[in-house]
$ cat query36.txt   # compact mmCIF, C-alpha atoms and all ligand atoms
# COMPACT_ATOMS: atom_id res chain seq x y z
CA MET E 206 23.72 6.30 -2.28
CA GLU E 207 23.42 5.17 -5.90
CA LYS E 208 19.87 4.49 -7.13
CA ILE E 209 20.14 1.45 -9.38
CA SER E 210 16.52 1.17 -10.40
CA GLU E 211 13.04 2.49 -9.76
CA GLY E 212 9.73 0.80 -10.39
CA LYS E 213 6.16 1.94 -9.93
CA THR E 214 6.16 1.38 -6.16
CA LYS E 215 9.80 0.94 -5.06
CA GLU E 216 13.22 2.53 -5.45
CA VAL E 217 16.32 0.34 -5.30
CA PHE E 218 19.61 1.67 -3.95
CA LEU E 219 22.98 -0.07 -3.89
CA LEU E 220 24.04 -0.52 -0.25
CA ASP E 221 27.21 -2.53 -0.87
CA ASN E 222 28.30 -5.09 -3.42
CA ASP E 223 25.98 -7.76 -2.01
CA HIS E 224 23.04 -5.73 -0.65
CA VAL E 225 20.40 -3.29 -1.80
CA LEU E 226 17.93 -1.01 -0.07
CA LEU E 227 14.32 -1.25 -1.25
CA ARG E 228 12.44 1.93 -0.47
CA PHE E 229 8.66 1.48 -0.66
CA LYS E 230 6.95 4.53 -2.18
CA ASP E 231 3.44 5.81 -1.41
CA TYR E 232 2.28 5.19 -4.98
CA VAL E 233 -0.56 2.83 -5.80
CA THR E 234 -0.98 1.88 -9.45
CA ALA E 235 -3.19 -0.35 -11.56
CA GLY E 236 -3.67 -1.35 -15.17
CA ASP E 237 0.09 -1.59 -15.87
CA GLY E 238 0.56 1.95 -14.62
CA ALA E 239 -2.44 3.40 -16.49
CA LYS E 240 -3.91 4.54 -13.15
CA ALA E 241 -1.71 5.92 -10.37
CA ASP E 242 -2.30 7.72 -7.06
CA ILE E 243 -0.50 8.52 -3.85
CA ILE E 244 -1.73 7.15 -0.53
CA ASP E 245 0.21 8.76 2.32
CA GLY E 246 1.82 6.06 4.41
CA LYS E 247 1.15 3.19 1.99
CA GLY E 248 4.88 2.64 1.51
CA VAL E 249 5.33 2.11 5.24
CA LEU E 250 2.37 -0.30 5.38
CA ASN E 251 3.72 -2.36 2.48
CA ALA E 252 7.29 -2.38 3.77
CA GLN E 253 6.06 -3.58 7.17
CA THR E 254 3.73 -6.21 5.68
CA SER E 255 6.53 -7.49 3.45
CA ALA E 256 9.00 -7.64 6.33
CA LEU E 257 6.63 -9.72 8.49
CA LEU E 258 5.82 -12.12 5.65
CA PHE E 259 9.44 -12.51 4.52
CA ARG E 260 10.49 -13.24 8.12
CA LEU E 261 7.72 -15.82 8.34
CA LEU E 262 8.92 -17.53 5.15
CA GLU E 263 12.51 -17.53 6.43
CA ARG E 264 11.34 -19.13 9.68
CA GLU E 265 9.66 -21.82 7.59
CA GLY E 266 12.95 -22.50 5.78
CA ILE E 267 12.14 -20.70 2.51
CA GLU E 268 15.06 -18.58 1.33
CA THR E 269 14.27 -14.97 0.47
CA HIS E 270 16.23 -11.79 -0.18
CA TYR E 271 15.14 -10.31 3.16
CA VAL E 272 17.91 -9.19 5.52
CA GLY E 273 16.30 -6.56 7.76
CA MET E 274 14.85 -3.06 7.89
CA LYS E 275 16.81 0.18 7.58
CA ASP E 276 13.84 2.33 8.53
CA GLU E 277 10.07 1.94 8.55
CA ARG E 278 9.75 2.04 4.75
CA THR E 279 13.16 0.74 3.68
CA MET E 280 14.14 -2.90 3.51
CA ILE E 281 17.71 -4.22 3.43
CA ALA E 282 17.85 -7.10 0.95
CA LYS E 283 20.38 -9.38 -0.68
CA ARG E 284 21.33 -8.09 -4.11
CA LEU E 285 19.80 -10.52 -6.60
CA ASN E 286 19.93 -10.77 -10.33
CA MET E 287 16.18 -10.43 -10.81
CA ILE E 288 14.31 -12.52 -13.37
CA PRO E 289 11.68 -10.31 -15.07
CA VAL E 290 8.91 -12.86 -14.57
CA GLU E 291 5.87 -12.69 -12.30
CA VAL E 292 4.94 -16.05 -10.84
CA VAL E 293 1.28 -16.21 -9.83
CA LEU E 294 -0.35 -18.93 -7.75
CA ARG E 295 -4.14 -19.14 -7.69
CA ASN E 296 -6.27 -20.97 -5.12
CA TYR E 297 -9.54 -19.36 -6.24
CA ALA E 298 -10.44 -17.95 -9.64
CA THR E 299 -10.60 -14.19 -10.00
CA GLY E 300 -8.82 -11.45 -11.93
CA SER E 301 -7.15 -12.08 -15.27
CA ILE E 302 -7.77 -15.83 -15.39
CA VAL E 303 -11.56 -15.46 -15.53
CA LYS E 304 -11.17 -13.03 -18.43
CA ARG E 305 -8.72 -15.22 -20.36
CA LEU E 306 -10.26 -18.66 -19.92
CA PRO E 307 -13.74 -20.17 -19.56
CA ILE E 308 -13.47 -20.21 -15.77
CA LYS E 309 -15.99 -18.61 -13.43
CA GLU E 310 -15.25 -16.21 -10.59
CA GLY E 311 -14.75 -18.09 -7.33
CA GLU E 312 -14.01 -21.55 -8.78
CA ILE E 313 -11.63 -23.47 -6.50
CA PHE E 314 -8.33 -24.69 -7.91
CA ASP E 315 -7.25 -27.88 -6.18
CA PRO E 316 -4.38 -28.26 -6.84
CA PRO E 317 -3.63 -24.55 -7.22
CA ILE E 318 -2.77 -23.14 -10.65
CA VAL E 319 0.65 -21.59 -11.20
CA GLU E 320 1.21 -19.15 -14.07
CA PHE E 321 4.22 -17.20 -15.35
CA PHE E 322 3.99 -13.72 -16.88
CA LEU E 323 6.63 -11.55 -18.53
CA LYS E 324 7.16 -8.25 -16.70
CA ASP E 325 6.43 -5.95 -19.61
CA ASP E 326 3.88 -3.20 -19.01
CA ALA E 327 3.83 -2.14 -22.68
CA ARG E 328 2.72 -5.67 -23.62
CA HIS E 329 0.43 -5.97 -20.56
CA ASP E 330 2.53 -8.74 -18.95
CA PRO E 331 1.90 -11.62 -21.39
CA LEU E 332 1.51 -15.19 -20.17
CA LEU E 333 4.62 -17.38 -20.65
CA ASN E 334 5.12 -21.11 -20.95
CA TYR E 335 8.37 -23.10 -20.48
CA HIS E 336 9.21 -22.76 -24.18
CA HIS E 337 8.87 -18.98 -24.13
CA MET E 338 10.95 -18.73 -20.97
CA ARG E 339 13.73 -20.88 -22.38
CA TYR E 340 13.75 -19.03 -25.71
CA LEU E 341 13.80 -15.63 -23.98
CA LYS E 342 16.61 -16.92 -21.68
CA LEU E 343 14.52 -16.17 -18.59
CA MET E 344 14.77 -19.63 -17.03
CA ASN E 345 14.99 -23.24 -18.14
CA GLU E 346 12.31 -25.85 -17.46
CA GLU E 347 14.15 -27.31 -14.48
CA GLU E 348 14.32 -23.87 -12.84
CA ALA E 349 10.66 -23.22 -13.67
CA ARG E 350 9.67 -26.48 -11.97
CA TYR E 351 11.85 -25.67 -8.97
CA ILE E 352 10.18 -22.24 -8.71
CA GLU E 353 6.73 -23.87 -8.90
CA GLY E 354 7.71 -25.99 -5.91
CA ILE E 355 8.83 -22.92 -3.93
CA VAL E 356 5.63 -21.06 -4.82
CA GLN E 357 3.60 -24.01 -3.52
CA ARG E 358 5.55 -23.99 -0.25
CA VAL E 359 4.97 -20.23 0.04
CA ASN E 360 1.27 -20.86 -0.60
CA ALA E 361 1.11 -23.35 2.27
CA VAL E 362 2.65 -20.79 4.66
CA LEU E 363 0.62 -17.81 3.43
CA THR E 364 -2.66 -19.72 3.29
CA LYS E 365 -2.21 -20.77 6.90
CA VAL E 366 -1.36 -17.32 8.21
CA VAL E 367 -4.13 -15.64 6.19
CA GLU E 368 -6.58 -18.20 7.61
CA ARG E 369 -5.52 -17.20 11.10
CA LEU E 370 -6.55 -13.63 10.19
CA ASN E 371 -9.99 -15.04 9.33
CA LEU E 372 -9.37 -14.36 5.65
CA VAL E 373 -9.00 -16.47 2.51
CA LEU E 374 -5.98 -16.27 0.19
CA TYR E 375 -7.27 -16.13 -3.39
CA ASP E 376 -3.98 -15.64 -5.20
CA PHE E 377 -0.56 -14.00 -4.99
CA LYS E 378 2.41 -13.06 -7.12
CA LEU E 379 6.10 -13.61 -6.41
CA GLU E 380 9.27 -12.60 -8.20
CA PHE E 381 12.54 -14.52 -8.08
CA GLY E 382 16.19 -13.62 -8.44
CA ARG E 383 19.48 -15.44 -8.77
CA LEU E 384 22.25 -15.36 -6.19
CA GLY E 385 25.13 -17.54 -7.36
CA ASN E 386 23.48 -20.84 -8.27
CA LYS E 387 20.49 -20.23 -5.96
CA LEU E 388 17.00 -18.94 -6.75
CA LEU E 389 15.55 -16.77 -3.98
CA VAL E 390 12.18 -15.11 -3.44
CA GLY E 391 12.69 -11.37 -4.02
CA ASP E 392 10.59 -8.23 -4.50
CA GLU E 393 7.68 -7.84 -2.06
CA ILE E 394 4.80 -9.73 -0.47
CA THR E 395 2.04 -7.22 0.06
CA LEU E 396 -1.62 -6.57 -0.62
CA ASP E 397 -0.53 -5.06 -3.94
CA ALA E 398 0.45 -8.55 -5.08
CA MET E 399 -1.99 -10.76 -3.20
CA ARG E 400 -5.76 -11.12 -3.02
CA VAL E 401 -7.46 -11.78 0.30
CA ARG E 402 -11.17 -11.87 1.07
CA GLU E 403 -13.38 -12.34 4.09
CA PRO E 404 -15.00 -15.75 3.62
CA GLN E 405 -18.55 -14.96 4.77
CA THR E 406 -19.00 -11.50 3.28
CA GLN E 407 -16.55 -11.69 0.34
CA ARG E 408 -15.23 -8.37 1.62
CA ILE E 409 -12.01 -7.43 -0.22
CA LEU E 410 -8.92 -6.24 1.70
CA ASP E 411 -6.39 -5.89 -1.11
CA LYS E 412 -5.48 -3.79 -4.16
CA ASP E 413 -8.65 -4.91 -5.96
CA LEU E 414 -10.29 -2.11 -3.91
CA TYR E 415 -8.13 0.38 -5.79
CA ARG E 416 -8.54 -1.42 -9.12
CA ARG E 417 -12.33 -1.20 -8.62
CA GLY E 418 -12.26 2.52 -7.85
CA TYR E 419 -12.90 2.59 -4.10
CA PRO E 420 -11.78 5.80 -2.31
CA LEU E 421 -8.09 5.94 -1.41
CA GLU E 422 -8.86 6.17 2.33
CA HIS E 423 -10.83 2.94 2.04
CA VAL E 424 -7.85 1.24 0.37
CA LYS E 425 -5.50 2.51 3.05
CA SER E 426 -7.69 1.38 5.92
CA ALA E 427 -7.90 -2.14 4.44
CA TYR E 428 -4.08 -2.28 4.24
CA GLU E 429 -3.88 -1.00 7.84
CA GLU E 430 -6.40 -3.54 9.03
CA PHE E 431 -4.57 -6.42 7.36
CA LEU E 432 -1.21 -5.37 8.87
CA GLY E 433 -2.84 -4.93 12.28
CA ARG E 434 -4.33 -8.43 12.15
CA LEU E 435 -1.02 -9.84 10.89
CA ARG E 436 0.93 -8.27 13.77
CA ASN E 437 -1.33 -10.11 16.20
CA VAL E 438 -0.52 -13.55 14.81
CA VAL E 439 3.12 -13.60 13.61
O1 LIG S 501 -4.38 -9.84 -12.54
P1 LIG S 501 -4.19 -11.28 -12.15
O2 LIG S 501 -5.45 -11.98 -11.83
O3 LIG S 501 -3.34 -12.04 -13.16
O4 LIG S 501 -3.33 -11.23 -10.78
C1 LIG S 501 -2.99 -12.40 -10.07
C2 LIG S 501 -2.26 -11.99 -8.79
O5 LIG S 501 -1.02 -11.38 -9.12
C3 LIG S 501 -3.01 -10.94 -7.96
O6 LIG S 501 -2.80 -11.21 -6.57
C4 LIG S 501 -2.38 -9.64 -8.35
O7 LIG S 501 -2.43 -8.68 -7.32
C5 LIG S 501 -0.96 -10.06 -8.64
N1 LIG S 501 -0.33 -9.25 -9.68
C6 LIG S 501 0.76 -8.44 -9.37
N2 LIG S 501 1.34 -7.67 -10.34
C7 LIG S 501 0.90 -7.73 -11.62
C8 LIG S 501 -0.19 -8.55 -11.94
C9 LIG S 501 -0.79 -9.30 -10.95
O8 LIG S 501 1.19 -8.41 -8.23
N3 LIG S 501 1.51 -7.00 -12.54
$ encode --input "query36.txt" --output "structure tokens"
Amino acid sequence: MEKISEGKTKEVFLLDNDHVLLRFKDYVTAGDGAKADIIDGKGVLNAQTSALLFRLLEREGIETHYVGMKDERTMIAKRLNMIPVEVVLRNYATGSIVKRLPIKEGEIFDPPIVEFFLKDDARHDPLLNYHHMRYLKLMNEEEARYIEGIVQRVNAVLTKVVERLNLVLYDFKLEFGRLGNKLLVGDEITLDAMRVREPQTQRILDKDLYRRGYPLEHVKSAYEEFLGRLRNVV
């Protein structure tokens, strides 16, 4: 099967004219690829987590690229024309926003803050506004506003399910692609692209563990625990 692209954590194969296979690798990376390791079985955990969350979004009427699973680490997805933009929604302040702006760790955003970033590791994924996105022919303002609406609907669904796991959703990142005149949620929804914490203890269960240098087994067991809890509620 023809490999049409490969990123840091997934390979993309052409299945037929309208479908691709996304194979989740065991790599974990941080700092725009500056740090990389292999965690055996992480690809399976992320593929399974993504599948459950995409199915949940579909059940809630949010269109995604998800079609089904080919095997435990390989997703069948609609072939989209991906927009190289990361769309981040933040409910609580942490990560890059507290470095960039005079905002303190843990501040609550009500309403949530949505940000767009260019997918460009060499430039460390710079922040984009509507003007940049129009000039770079990434999306027009109407599409950007439509995407903000979808991201808010995804937030409502994810916040609720994460709450049922007795966790709090700090933030998450989505990527979108075009299919005809439609904009669909693509890529993945995993702990690599989402921050979740235990409310009482502030215990972290996401890729921040890796970013902060915790042992790889610790990272893996957090991903396993999250998927285990998720399987019990969806
Ligand atoms: O680093 P930052 O605070 O901007 O990240 C916001 C959210 O987007 C986090 O959940 C993080 O995991 C995710 N993210 C991502 N891929 C990136 C940058 C951030 O999935 N390249």
$ residues_near_ligand --input "query36.txt" --ligand "ligand LIG 501 (chain S)" --cutoff "6 Å" --atoms "only C-alpha atoms and all ligand atoms" --output "ChimeraX atom specification"
/E:293,299-302,376-378,397-400
$ closest_residue --input "query36.txt" --among "E:Val249, E:Leu227, E:Gly382, E:His329" --to "E:Glu348" --atoms "all atoms listed in the file"
E:Gly382
$ residues_around --input "query36.txt" --residues "stretch 411-421 of chain E" --least-positions-apart "3" --cutoff "12 Å" --atoms "all atoms listed in the file" --output "PyMOL selection string"
chain E and resi 231-247+251+299-301+372-377+394-403+407-408+424-432
$ closest_residue --input "query36.txt" --among "E:Leu262, E:Leu410, E:Val290, E:Leu306" --to "E:Lys365" --atoms "all atoms listed in the file"
E:Leu262
$ atom_distance --input "query36.txt" --atom1 "atom CA of E:Leu370" --atom2 "atom CA of E:Met274"
24.0 Å
$ decode --input "query36.txt" --residues "stretch 362-386 of chain E" --atoms "N, CA and C atoms" --output "compact mmCIF listing (two decimals), in the first residue's frame"
# COMPACT_ATOMS: atom_id res chain seq x y z
N VAL E 362 -18.63 18.05 24.47
CA VAL E 362 -18.69 16.58 24.53
C VAL E 362 -17.51 16.04 25.35
N LEU E 363 -16.31 16.54 25.05
CA LEU E 363 -15.12 16.01 25.73
C LEU E 363 -15.11 16.38 27.21
N THR E 364 -15.52 17.62 27.52
CA THR E 364 -15.56 18.04 28.93
C THR E 364 -16.45 17.10 29.73
N LYS E 365 -17.60 16.78 29.14
CA LYS E 365 -18.57 15.93 29.84
C LYS E 365 -18.01 14.52 30.06
N VAL E 366 -17.41 13.95 29.03
CA VAL E 366 -16.92 12.58 29.19
C VAL E 366 -15.72 12.56 30.14
N VAL E 367 -14.85 13.55 30.05
CA VAL E 367 -13.68 13.60 30.93
C VAL E 367 -14.13 13.77 32.39
N GLU E 368 -15.19 14.53 32.59
CA GLU E 368 -15.76 14.69 33.94
C GLU E 368 -16.25 13.37 34.50
N ARG E 369 -16.82 12.56 33.61
CA ARG E 369 -17.30 11.25 34.06
C ARG E 369 -16.15 10.31 34.42
N LEU E 370 -14.94 10.64 33.99
CA LEU E 370 -13.75 9.87 34.38
C LEU E 370 -13.13 10.45 35.65
N ASN E 371 -13.86 11.42 36.27
CA ASN E 371 -13.35 12.14 37.43
C ASN E 371 -12.07 12.91 37.13
N LEU E 372 -12.04 13.49 35.93
CA LEU E 372 -10.89 14.29 35.52
C LEU E 372 -11.39 15.62 34.99
N VAL E 373 -10.46 16.57 34.81
CA VAL E 373 -10.80 17.88 34.28
C VAL E 373 -10.06 18.08 32.96
N LEU E 374 -10.79 18.58 31.95
CA LEU E 374 -10.18 18.84 30.64
C LEU E 374 -9.61 20.26 30.63
N TYR E 375 -8.29 20.36 30.63
CA TYR E 375 -7.63 21.68 30.60
C TYR E 375 -7.66 22.28 29.20
N ASP E 376 -7.18 21.50 28.24
CA ASP E 376 -7.17 22.01 26.86
C ASP E 376 -7.04 20.84 25.90
N PHE E 377 -7.22 21.12 24.61
CA PHE E 377 -7.01 20.08 23.59
C PHE E 377 -6.77 20.75 22.25
N LYS E 378 -6.25 19.96 21.33
CA LYS E 378 -5.92 20.44 19.99
C LYS E 378 -6.63 19.57 18.96
N LEU E 379 -7.21 20.20 17.95
CA LEU E 379 -7.81 19.47 16.83
C LEU E 379 -7.18 19.94 15.53
N GLU E 380 -7.29 19.08 14.53
CA GLU E 380 -6.92 19.48 13.16
C GLU E 380 -8.10 19.19 12.26
N PHE E 381 -8.24 20.04 11.24
CA PHE E 381 -9.39 19.92 10.33
C PHE E 381 -8.93 19.68 8.90
N GLY E 382 -9.83 19.05 8.13
CA GLY E 382 -9.54 18.85 6.72
C GLY E 382 -10.79 19.08 5.90
N ARG E 383 -10.56 19.30 4.60
CA ARG E 383 -11.69 19.55 3.69
C ARG E 383 -12.08 18.27 2.97
N LEU E 384 -13.38 18.08 2.81
CA LEU E 384 -13.91 17.00 1.99
C LEU E 384 -15.03 17.64 1.18
N GLY E 385 -14.78 17.86 -0.12
CA GLY E 385 -15.73 18.65 -0.92
C GLY E 385 -15.85 20.02 -0.28
N ASN E 386 -17.10 20.45 0.00
CA ASN E 386 -17.26 21.77 0.61
C ASN E 386 -17.42 21.68 2.14
